[in-house]
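Input: a single structure, listed below in structure tokens.
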Protein chains: 2
Amino acid sequence: MHALRSPAMRPLSLSPTSIPSRPLCFRFLALSLPLFPNSRSPSKYLARTTVGPRFCVRSCGSVKAKPSSELRKREGGGSEPDEKLRALRELFSKPGIGIDAYIVPSQDAHQSEFIAECYTRRAYISGFAGSAGTAVVTKDKAALWTDGRYFLQAENQLNSSWILMRAGNLGVPTTSEWLNDVLAPGCRIGIDPFLFSSDAAEELKEAIAKKNHELVLLYNINLVDEVWKERPKPPNKPVRIHDLKFAGLDVASKLSFLRAEFIDAGASAIIISMLDEVAWLLNLRGSDVPHSPVVYAYLLVKTDTAELFVDSSKITPEVMDHLKNAGVQLRPYNKILSEIENLAKQGGNLWLDTTSVNAAIVNIYKSACDKYLNKNSKARVQDFIGRSAIPSGVYRASPISLAKAVKNDAELQGMRNSHLRDAAALAHFWVWLEEEINKGAKLTEVEVADKLLEFRSMQDGFIDTSFDTISASGANGAVIHYKPEPGSCRVLDVEKLFLLDSGAQYVDGTTDITRTVHFGEPTPRQKECFTRVLQGHIALDQAVFPENTPGFVLDAFARSSLWKIGLDYRHGTFHSLAGWLFGVLMRILSSAASFSFLVIGTGHGVGAALNVHEGPQSISFRYGNLTSLQRGMVVSNEPGYYEDHAFGIRIENLLSVVEINTPNHFGGIGYLGFEKLTFVPIQTKMVDSALLSSVEINWLNDYHAQVWEKVSPLLDGSARQWLWDNTRPLPIQ
Amino acid sequence: MHALRSPAMRPLSLSPTSIPSRPLCFRFLALSLPLFPNSRSPSKYLARTTVGPRFCVRSCGSVKAKPSSELRKREGGGSEPDEKLRALRELFSKPGIGIDAYIVPSQDAHQSEFIAECYTRRAYISGFAGSAGTAVVTKDKAALWTDGRYFLQAENQLNSSWILMRAGNLGVPTTSEWLNDVLAPGCRIGIDPFLFSSDAAEELKEAIAKKNHELVLLYNINLVDEVWKERPKPPNKPVRIHDLKFAGLDVASKLSFLRAEFIDAGASAIIISMLDEVAWLLNLRGSDVPHSPVVYAYLLVKTDTAELFVDSSKITPEVMDHLKNAGVQLRPYNKILSEIENLAKQGGNLWLDTTSVNAAIVNIYKSACDKYLNKNSKARVQDFIGRSAIPSGVYRASPISLAKAVKNDAELQGMRNSHLRDAAALAHFWVWLEEEINKGAKLTEVEVADKLLEFRSMQDGFIDTSFDTISASGANGAVIHYKPEPGSCRVLDVEKLFLLDSGAQYVDGTTDITRTVHFGEPTPRQKECFTRVLQGHIALDQAVFPENTPGFVLDAFARSSLWKIGLDYRHGTFHSLAGWLFGVLMRILSSAASFSFLVIGTGHGVGAALNVHEGPQSISFRYGNLTSLQRGMVVSNEPGYYEDHAFGIRIENLLSVVEINTPNHFGGIGYLGFEKLTFVPIQTKMVDSALLSSVEINWLNDYHAQVWEKVSPLLDGSARQWLWDNTRPLPIQ
């Protein structure tokens with residue numbers, strides 16, 4: 001899968017730049033909705049943060065609004081009645097709320113890429129089901145921001161109460177610009193602080209402060225949940241242990257590492273809120289969201305204790321023992337804020353990654369620290385030197401991101417093994433598909449994806465797809481974020497290219513592979529483009545580079561052959577306005593450490609039996625990400641070429657970073673390269689071998705020899721024959 | 001020439017990081033000394049900036065020093081008497097000076113790469129003649145910072161009064177750290193503010209403020225000049241007009257462009273202090289410094305006038321007419337400060353590039369603006385909205401840097417023509433050298449460089465070398481900043497590699513070329529390394545890339561072939577401490593726009609009949625420089641490999657950036673590549689053709705065919721025969 005929306009990404013809700021237009025990279029912007037069940041603890045936090053309703057004096061449409069505001073209200077409200085909006089707006093003026101607008105982002109409380117259905121609040125309130133979008137509701141207006149991928153879908157799904165904001169288009173304001181425009185100065189704008197990273201909330205607060213608006217953090221109530229009839233229940237499937245033979249490192253060792261890290265940083269505790277980080281640290285896996293084997297939880301690690309905030313109904317006795325053995329205690333998921341507050345009261349210095357930890361947690365901690373400082377007299381404070389006695393936050397990127405990205409031997413072996421089983425499933429799939437096409441069957445993109453899932457699910461240890469399969473025929477292949485839908489998708493065409501980007505979660509590893517094939521006779525143009533993409537794929541695969549090299553240094557290798565004839569992938573969009581805006585976003589994002597692995601290029605990190613998109617490394621033409629590629633990291637190698645309204649080509653393998661035994665070690669350092677994890681034939685029919693050097697032909701032949709050697713033992717019958725037929729060497733010229 | 005010390009670089013005087021150790025890039029750190037003649041205007045500025053002497057109360061060794069300081073003085077002063085230091089220190093306590101320490105950097109007042117002899121103050125006061133270094137003199141100590149290239153030379157040249165500070169070595173303090181350590185708090189540290197860029201002075205001021213030291217800007221006196229007996233006179237050779245047929249654009253047009261730029265930025269004037277920028281803007285050339293055809297001058301451009309501050313004795317009647325025609329008035333060089341002050345008084349908003357404009361100018365302007373604000377009552381100030389009525393600086397990178405880097409057709413044609421004449425000179429040289437070596441002549445590196453100069457000076461339009469020739473036999477080739485000296489240099493050895501990096505200034509262009517040859521039989525190791533360097537050279541030469549690509553994106557192409565066997569150039573040093581420190585420096589420098597073109601990699605910009613090193617573009621593995629490569633820019637392509645104590649290899653051509661007529665234009669943009677400017681054979685004896693692809697062999701053969709075609713018409717006799725012999729194609733395998 002070639003592109004990711006970072007699991008740690010900030011809500012894409014603050015500006016048009018934050019919702020990139022179609023040719024950009026975030027294919028997997030989550031269908032997201034925030035976190036909390038309705039059963040929140042009473043108004044403890046509410047009382048602190050929203051000190052009673054405070055209505056705007058003019059034009060906010062509140063009880064004492066002046067005529068001008070009434071006028072505005074009538075003007076703006078020429079839409080059909082919308083019951084959800086009406087119910088939502090009714091809450092605006094309730095005691096303890098008192099807001100003039102409410103922002104509903106796509107996120108859950110953990111900045112997850114894939115989220116549980118009960119948290120798809122933006123989709124519920126707006127009716128727009130696309131994965132990326134932000135809804136903003138004022139007392140008389142409702143607007144939804146989304147990007148070019150979804151303009152048509154949003155037009156269809158939004159009712160007339162909603163204004164569609166085509167993010168990235170010229171003149172379209174950001175959410176905060178729009179709020180600053182439509183609200184009279186000095187209004188109160190509400191958010192659920194669990195659904196914004198602390199940094200995103202701060203940015204929003206600053207933006208709306210220009211018009212003296214106040215950002216109101218509604219800790220105890222999510223207004224959409226209040227009006228959501230028949231809201232799905234939060235996921236409650238049991239958590240499972242990720243076997244040590246796959247994890248390679250026990251929980252106690254991981255926690256020791258983590259404690260050493262935070263002590264070294266001057267902290268006495270750390271809050272882990274990214275779901276894959278919690279799963280990795282505790283060697284646990286869950287089924288709370290599609291595609292990612294994670295469980296909704298927070299982990300609070302102190303020097304002597306570790307507390308897992310999770311719905312205890314998901315914890316089996318076996319998991320309970322596992323956690324006990326590692327010294328991890330269970331706490332209710334919704335007690336996280338009170339525990340954070342206690343920590344501050346006890347003088348704990350908390351490590352917070354404000355790029356991913358939500359604003360609720362960060363603000364509660366800061367407020368509690370401030371209180372502590374006020375309580376203790378100046379004399380008392382002056383008694384202490386240094387941080388230890390006065391609670392204060394340590395604001396840094398999570399130390400787990402890199403530790404998780406650098407796989408140990410057991411994790412790598414699991415990745416290798418699962419990739420071979422995945423390759424066997426794909427061989428079964430491809431022989432089936434070719435036979436069906438040859439028989440003249442009319443198969444839709446969705447049917448094909450479903451069949452692929454069927455073959456995969458027959459493999460040992462299969463758990464789930466690792467993302468929504470991109471099964472794209474003809475021009476759909478050029479829609480980089482394409483997701484076929486049952487009613488509207490295409491039938492595969494023997495005369496068109498077919499791009500298939502898919503992956504799976506196995507008990508021991510995660511896969512992600514793209515192949516592009518033609519069932520008939522490709523055009524010379526298609527062959528040339530495919531061959532140049534393949535040359536880029538080979539160049540990156542074969543790269544050797546010194547330690548401490550960031551991924552972006554290698555990105556040009558993957559593009560060079562396309563550049564020679566004036567082609568490129570995605571990069572071109574940066575010469576459009578949307579691209580420029582997106583560039584601005586990327587710069588903003590990449591200034592925050594944990595976002596800097598966002599891929600809009602050639603490769604992304606992949607978790608070991610975890611999220612298919614992870615950081616911190618990436619291989620991209622954006623140079624904001626300075627994370628060097630390190631032994632044990634897994635990255636995708638997926639150059640492509642996308643010709644609008646015609647075809648799309650992508651060739652994707654996963655690679656692990658390995659030490660290369662070079663004859664020299666200039667600089668006294670190691671030199672690194674890649675080991676392939678993916679072993680699935682590349683269709684030689686698509687290759688114009690006249691364009692390839694002998695080195696490149698050798699690469700392809702050697703790869704196919706390895707595919708045969710590694711995967712054929714897992715196959716028999718027609719699949720084995722298919723593998724044989726598709727791994728025959730090209731003649732060397 | 002493969003590496004540069006930016007002409008706009010900050011004084012390398014503030015920290016050990018600022019004097020990189022040997023394997024780093026700044027080969028041409030200037031032998032520099034500041035600017036002003038002794039005849040400064042009276043104590044007008046002095047009075048303002050140093051309000052009478054203010055001595056340290058304790059331990060600074062002043063009149064009323066306490067015993068502890070006396071002790072310190074005795075302890076530290078166990079050195080032989082040094083007359084220069086004694087005389088210098090005597091000035092410390094003079095009225096209007098009153099300082100406890102004095103810093104003498106290598107720079108002139110224009111941050112020039114090459115400086116006039118009269119400004120080599122650091123060399124004079126310390127006795128250390130290396131090009132990079134900073135001298136710091138307190139009342140009882142004297143210390144000199146230099147980098148690894150010069151440790152031996154400095155040990156030999158410094159007398160026992162001096163402490164050698166081996167910058168880059170573990171535990172060696174920066175100049176400011178050292179001053180903070182050896183001086184009691186609250187001392188006064190003097191500098192000549194002309195010799196520090198404004199940014200460098202600010203940085204120094206902050207660093208010493210930690211110990212409450214005050215930075216004293218001595219505008220009216222350079223203390224070294226005061227004690228310098230028989231100081232050389234400032235250069236006074238006549239200025240010449242750079243013919244419009246070479247410049248391509250008249251002065252009036254350039255000034256119009258400049259005015260549009262500064263008006264657009266909200267300024268009403270700009271001060272140009274980089275000497276090559278002044279020369280480029282006015283189509284003038286001079287002979288004030290070695291290697292760079294520039295004249296010491298400042299240019300102050302306002303909306304309606306332009307004033308050139310220059311020693312009028314250099315201005316011929318012809319030049320005077322040329323300037324008059326362009327509306328440029330002459331002013332005495334040393335009236336720059338008073339004119340800047342007048343400008344502020346008149347409410348002028350001055351564009352200042354604080355990375356290159358010296359602290360004297362910037363501080364005078366700021367002080368004058370402050371005065372203006374104080375004079376005008378608050379009521380008056382409130383009358384005005386916006387900047388126009390209240391003078392304030394516009395602090396931005398100079399707009400000339402990029403305009404100068406993008407050559408017009410006339411400049412490019414001059415570059416092409418001069419390169420062919422240079423190639424003819426090199427053919428004469430190489431045939432002479434090979435004959436001499438074959439005859440068994442014992443030629444030193446210096447003799448060879450002298451002979452090369454002789455051949456070049458016979459070419460039409462020859463003016464000067466463009467830098468000190470690097471003529472390096474055997475292991476000297478691995479000394480990246482090697483400069484052969486008559487007494488100590490090697491004799492060329494038929495059994496060793498010979499690296500020759502040289503260039504020339506012609507009336508129409510500037511050249512810079514490196515070739516590495518063997519007179520006998522190279523070892524397989526040498527051939528492999530040479531061939532891999534050549535592969536990098538070819539890969540960069542042949543690169544095609546989209547518009548808006550910064551140079552660093554291409555850097556990996558030049559290294560890839562070396563990386564495959566664990567080799568690299570210079571990059572390796574970054575894994576040492578010195579390298580790390582240097583990396584820190586580079587990050588600091590690259591944060592300032594006009595320093596970001598510093599090369600420590602594969603290519604640097606080259607001026608058209610101007611400085612051999614210019615920005616803002618570069619091709620380097622450092623990604624701080626985001627300047628994109630643009631049509632008309634000239635860059636060097638000079639990958640290399642340096643094996644310590646054994647040999648050095650570098651292959652360098654100059655290239656101009658051109659539009660490539662690609663069959664596609666993905667993204668609706670242009671695709672760029674390179675046109676070669678340099679046409680001199682590459683020794684095929686050094687090539688292991690088994691390592692080359694057929695594409696690479698074709699490149700070499702095609703290049704040699706072009707060399708023959710373009711250069712043979714300029715040659716006859718043995719040189720023509722040599723060119724024929726050395727442009728024969730390699731067999732394609």
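Every chain in the structure tokens takes a letter, A first, then B, and so on in the order presented; its residues are numbered from 1, and the ligands are numbered from 1 following the presented order.
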
Neighbours of Asn358 in chain B within 6 Å (only C-alpha atoms; same-chain residues fewer than 3 positions away dropped), as a PyMOL selection string?
chain B and resi 194+196-198+361

Which residues of chain B come within 9 Å of chain A, and what is each one's closest atom pair and distance in Å (one decimal), counting only C-alpha atoms, sorted by chain and residue number, as a tab-separated table?
```
residue	atom	partner	partner_atom	distance
B:Gln542	CA	A:Lys564	CA	8.9
B:Ala543	CA	A:Ser560	CA	7.3
B:Val544	CA	A:Lys564	CA	5.2
B:Phe545	CA	A:Trp563	CA	5.5
B:Pro546	CA	A:Trp563	CA	6.9
B:Asn548	CA	A:His575	CA	8.7
B:Phe552	CA	A:Val553	CA	8.2
B:Val553	CA	A:Ala556	CA	6.5
B:Leu554	CA	A:Ala556	CA	7.2
B:Asp555	CA	A:Val553	CA	8.2
B:Ala556	CA	A:Val553	CA	6.5
B:Phe557	CA	A:Phe557	CA	7.5
B:Arg559	CA	A:Phe545	CA	8.8
B:Ser560	CA	A:Val544	CA	7.1
B:Ser561	CA	A:Val544	CA	8.6
B:Trp563	CA	A:Phe545	CA	5.5
B:Lys564	CA	A:Val544	CA	5.2
B:Ile565	CA	A:Thr662	CA	5.0
B:Gly566	CA	A:Asn664	CA	4.6
B:Leu567	CA	A:Phe666	CA	4.9
B:Asp568	CA	A:Phe666	CA	6.1
B:Tyr569	CA	A:Phe666	CA	8.2
B:Arg570	CA	A:Gly667	CA	8.3
B:His571	CA	A:Gly667	CA	7.7
B:Gly572	CA	A:Gly667	CA	4.0
B:Thr573	CA	A:Gly667	CA	6.2
B:Phe574	CA	A:Gly667	CA	8.1
B:His575	CA	A:Gly667	CA	6.6
B:Ser576	CA	A:Gly667	CA	8.0
B:Phe621	CA	A:Val553	CA	8.1
B:Tyr623	CA	A:Tyr623	CA	7.5
B:Ile660	CA	A:Gly566	CA	8.6
B:Asn661	CA	A:Gly566	CA	8.4
B:Thr662	CA	A:Ile565	CA	5.0
B:Pro663	CA	A:Ile565	CA	5.7
B:Asn664	CA	A:Gly566	CA	4.6
B:His665	CA	A:Gly566	CA	4.9
B:Phe666	CA	A:Leu567	CA	4.9
B:Gly667	CA	A:Gly572	CA	4.0
B:Gly668	CA	A:Gly572	CA	7.5
B:Ile669	CA	A:His575	CA	7.5
B:Gly670	CA	A:Gly566	CA	7.9
B:Tyr671	CA	A:Gly566	CA	6.0
B:Ser693	CA	A:Ser693	CA	7.6
B:Ser694	CA	A:Ser693	CA	8.3
B:Val695	CA	A:Ser693	CA	8.6
```

Pick the closest to Val289 in chain A from A:Ile340, A:Ala449, A:Leu610, A:Ala87: which is it, counting only C-alpha atoms?
A:Leu610

If you count only C-alpha atoms, which residues fall within 7 Å of Thr516 in chain A, apart from same-chain ones fewer than 3 positions away, as a PyMOL selection string?
chain A and resi 497-500+649-651

Could you write out the selected residues, including all heavy atoms, as a compact mmCIF listing (two decimals), in the first residue's frame?
```
# COMPACT_ATOMS: atom_id res chain seq x y z
N LEU A 497 -5.17 -2.23 -17.89
CA LEU A 497 -4.30 -2.57 -16.77
C LEU A 497 -5.13 -2.78 -15.52
O LEU A 497 -6.16 -2.14 -15.33
CB LEU A 497 -3.29 -1.45 -16.52
CG LEU A 497 -2.12 -1.36 -17.49
CD1 LEU A 497 -1.21 -0.18 -17.11
CD2 LEU A 497 -1.30 -2.65 -17.45
N PHE A 498 -4.65 -3.65 -14.66
CA PHE A 498 -5.31 -3.90 -13.38
C PHE A 498 -4.28 -3.73 -12.27
O PHE A 498 -3.23 -4.38 -12.26
CB PHE A 498 -5.90 -5.32 -13.37
CG PHE A 498 -6.51 -5.70 -12.05
CD1 PHE A 498 -7.55 -4.94 -11.49
CD2 PHE A 498 -6.06 -6.82 -11.35
CE1 PHE A 498 -8.11 -5.31 -10.28
CE2 PHE A 498 -6.62 -7.17 -10.13
CZ PHE A 498 -7.65 -6.41 -9.59
N LEU A 499 -4.57 -2.80 -11.36
CA LEU A 499 -3.67 -2.52 -10.24
C LEU A 499 -4.28 -3.08 -8.97
O LEU A 499 -5.44 -2.79 -8.66
CB LEU A 499 -3.45 -1.00 -10.12
CG LEU A 499 -2.46 -0.50 -9.07
CD1 LEU A 499 -1.89 0.86 -9.49
CD2 LEU A 499 -3.09 -0.37 -7.68
N LEU A 500 -3.52 -3.89 -8.25
CA LEU A 500 -4.03 -4.52 -7.03
C LEU A 500 -3.06 -4.25 -5.88
O LEU A 500 -1.94 -4.77 -5.86
CB LEU A 500 -4.19 -6.02 -7.26
CG LEU A 500 -4.83 -6.79 -6.09
CD1 LEU A 500 -6.30 -6.44 -5.94
CD2 LEU A 500 -4.66 -8.30 -6.29
N ILE A 649 0.06 2.60 -12.47
CA ILE A 649 1.05 1.52 -12.33
C ILE A 649 1.73 1.69 -10.98
O ILE A 649 2.12 2.81 -10.61
CB ILE A 649 2.11 1.61 -13.45
CG1 ILE A 649 1.49 1.25 -14.81
CG2 ILE A 649 3.31 0.70 -13.13
CD1 ILE A 649 2.35 1.66 -15.98
N ARG A 650 1.83 0.61 -10.24
CA ARG A 650 2.60 0.65 -9.01
C ARG A 650 3.19 -0.74 -8.80
O ARG A 650 2.51 -1.73 -9.09
CB ARG A 650 1.71 1.06 -7.83
CG ARG A 650 2.44 1.21 -6.52
CD ARG A 650 1.70 2.11 -5.51
NE ARG A 650 0.44 1.58 -5.05
CZ ARG A 650 -0.76 2.11 -5.31
NH1 ARG A 650 -0.86 3.18 -6.07
NH2 ARG A 650 -1.86 1.56 -4.83
N ILE A 651 4.44 -0.80 -8.38
CA ILE A 651 5.08 -2.08 -8.07
C ILE A 651 5.61 -1.95 -6.66
O ILE A 651 6.49 -1.14 -6.39
CB ILE A 651 6.25 -2.38 -9.05
CG1 ILE A 651 5.78 -2.32 -10.50
CG2 ILE A 651 6.88 -3.73 -8.72
CD1 ILE A 651 6.91 -2.38 -11.52
```

Tell me which protein, DNA and RNA residues are within 9 Å of Glu226 in chain B, counting only C-alpha atoms, leaving out same-chain ones fewer than 3 positions away, and put them as a list in words.
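The filter keeps Asn38, Ala87, Leu88, Leu91, Ile221, Asn222, Leu223 and Lys229 of chain B.
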
Contacts of range 348-350 of chain A within 6 Å, only C-alpha atoms, excl. fewer than 6 positions in-chain, as a compact mmCIF listing (two decimals) with N, CA, C and O atoms, in the first residue's frame:
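Okay, part-v3.txt is ready:
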```
# COMPACT_ATOMS: atom_id res chain seq x y z
N ALA A 267 11.93 12.67 33.35
CA ALA A 267 10.51 12.45 33.64
C ALA A 267 10.40 11.31 34.65
O ALA A 267 11.34 10.53 34.84
N SER A 268 9.23 11.25 35.31
CA SER A 268 9.01 10.14 36.23
C SER A 268 7.86 9.26 35.76
O SER A 268 7.51 8.30 36.43
N ALA A 269 7.30 9.61 34.63
CA ALA A 269 6.21 8.80 34.08
C ALA A 269 6.03 9.18 32.62
O ALA A 269 6.50 10.23 32.17
N ILE A 270 5.34 8.28 31.90
CA ILE A 270 5.06 8.58 30.49
C ILE A 270 3.67 8.04 30.16
O ILE A 270 3.26 7.01 30.69
N PRO A 391 5.88 19.32 39.73
CA PRO A 391 5.53 18.56 38.54
C PRO A 391 5.61 19.43 37.29
O PRO A 391 5.15 20.57 37.30
N SER A 392 6.21 18.90 36.28
CA SER A 392 6.23 19.63 35.02
C SER A 392 6.36 18.63 33.89
O SER A 392 6.96 17.58 34.04
N GLY A 393 5.76 18.99 32.78
CA GLY A 393 5.74 18.08 31.65
C GLY A 393 7.08 18.02 30.94
O GLY A 393 7.83 19.00 30.92
N VAL A 394 7.38 16.86 30.39
CA VAL A 394 8.54 16.71 29.50
C VAL A 394 7.94 16.49 28.12
O VAL A 394 7.33 15.45 27.86
```

What is the distance, in Å and to one decimal place, between CA of Gly414 in chain B and CA of Ala608 in chain B?
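Distance reported for this atom pair: 7.6 Å.
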
With DSSP run on the backbone, what are the strand (DSSP E) residues within range 346-526 of chain B? I'd like them as a ChimeraX atom specification.
/B:350-352,394-395,462-465,470-473,497-502,504-506,513-518

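A straight line drawn from CA of Ala344 in chain A to CA of Ser253 in chain A is 26.4 Å long.
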
Could you check the closest approach to Val507 in chain A for each of A:Gly474, A:Pro524, A:Pro332, A:Gly461 and tell me which residue wins, using only C-alpha atoms?
A:Gly461

DSSP on the backbone: what in range 194-358 of chain A comes out alpha helix (DSSP H), as a ChimeraX atom specification?
/A:198-209,223-227,244-247,251-264,275-282,317-325,336-345

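Residues with any atom within 12 Å of Ser712 in chain A, counting only C-alpha atoms and excluding same-chain neighbours fewer than 6 positions away, are Leu420, Arg421, Ala423, Ala424, Ala425, Ala427, His428, Phe679, Val680, Pro681, His704, Ala705, Gln706, Ser718, Ala719, Arg720, Gln721, Trp722, Leu723, Trp724, Asp725, Asn726 and Thr727 of chain A.
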
All residues 9 Å or closer to Gln617 in chain B, only C-alpha atoms, same chain fewer than 5 positions away omitted, as a tab-separated table (two decimals) with N, CA, C and O atoms, in the first residue's frame:
```
chain	number	residue	atom	x	y	z
B	402	LEU	N	20.61	35.23	-6.09
B	402	LEU	CA	19.95	34.35	-7.05
B	402	LEU	C	20.00	34.93	-8.46
B	402	LEU	O	20.26	34.22	-9.43
B	405	ALA	N	23.24	34.23	-9.93
B	405	ALA	CA	23.49	32.80	-10.17
B	405	ALA	C	22.84	32.31	-11.46
B	405	ALA	O	23.36	31.40	-12.11
B	550	PRO	N	15.84	20.88	-5.41
B	550	PRO	CA	17.07	21.40	-4.81
B	550	PRO	C	18.25	20.47	-5.14
B	550	PRO	O	18.06	19.27	-5.36
B	551	GLY	N	19.43	21.03	-5.14
B	551	GLY	CA	20.61	20.26	-5.53
B	551	GLY	C	20.86	19.02	-4.71
B	551	GLY	O	21.33	18.01	-5.23
B	596	SER	N	23.37	29.12	2.92
B	596	SER	CA	22.90	27.77	2.73
B	596	SER	C	23.46	27.14	1.46
B	596	SER	O	23.18	26.01	1.18
B	597	PHE	N	24.25	27.88	0.72
B	597	PHE	CA	24.80	27.25	-0.48
B	597	PHE	C	26.19	26.70	-0.23
B	597	PHE	O	26.85	26.23	-1.14
B	598	LEU	N	26.63	26.75	1.01
B	598	LEU	CA	27.94	26.20	1.34
B	598	LEU	C	28.05	24.77	0.86
B	598	LEU	O	27.19	23.96	1.12
B	599	VAL	N	29.11	24.49	0.21
B	599	VAL	CA	29.27	23.16	-0.36
B	599	VAL	C	30.14	22.30	0.52
B	599	VAL	O	31.22	22.70	0.94
B	603	GLY	N	28.96	19.59	-5.58
B	603	GLY	CA	29.00	20.69	-6.52
B	603	GLY	C	28.71	22.04	-5.89
B	603	GLY	O	27.97	22.12	-4.92
B	604	HIS	N	29.33	23.08	-6.45
B	604	HIS	CA	29.10	24.44	-5.99
B	604	HIS	C	28.78	25.33	-7.19
B	604	HIS	O	29.10	24.97	-8.32
B	605	GLY	N	28.17	26.46	-6.92
B	605	GLY	CA	27.92	27.42	-7.98
B	605	GLY	C	29.20	28.10	-8.42
B	605	GLY	O	30.17	28.16	-7.67
B	625	ASN	N	20.15	23.40	2.25
B	625	ASN	CA	20.04	24.34	1.14
B	625	ASN	C	18.87	23.95	0.23
B	625	ASN	O	18.97	23.02	-0.57
B	626	LEU	N	17.79	24.69	0.34
B	626	LEU	CA	16.58	24.35	-0.41
B	626	LEU	C	16.50	25.07	-1.76
B	626	LEU	O	15.51	24.95	-2.47
B	627	THR	N	17.55	25.81	-2.10
B	627	THR	CA	17.53	26.51	-3.39
B	627	THR	C	17.43	25.49	-4.51
B	627	THR	O	18.23	24.57	-4.60
B	628	SER	N	16.45	25.68	-5.38
B	628	SER	CA	16.33	24.73	-6.48
B	628	SER	C	17.31	25.08	-7.59
B	628	SER	O	17.73	26.23	-7.73
B	629	LEU	N	17.68	24.06	-8.35
B	629	LEU	CA	18.53	24.28	-9.52
B	629	LEU	C	17.65	24.89	-10.61
B	629	LEU	O	16.56	24.41	-10.87
B	630	GLN	N	18.15	25.94	-11.22
B	630	GLN	CA	17.35	26.67	-12.20
B	630	GLN	C	18.14	26.86	-13.50
B	630	GLN	O	19.35	26.97	-13.47
B	633	MET	N	21.85	28.36	-14.21
B	633	MET	CA	22.83	28.25	-13.12
B	633	MET	C	24.02	27.42	-13.59
B	633	MET	O	23.88	26.52	-14.42
B	634	VAL	N	25.17	27.74	-13.04
B	634	VAL	CA	26.37	26.94	-13.31
B	634	VAL	C	26.77	26.23	-12.02
B	634	VAL	O	26.78	26.86	-10.96
B	635	VAL	N	27.03	24.94	-12.13
B	635	VAL	CA	27.48	24.18	-10.97
B	635	VAL	C	28.66	23.30	-11.34
B	635	VAL	O	28.83	22.92	-12.50
```
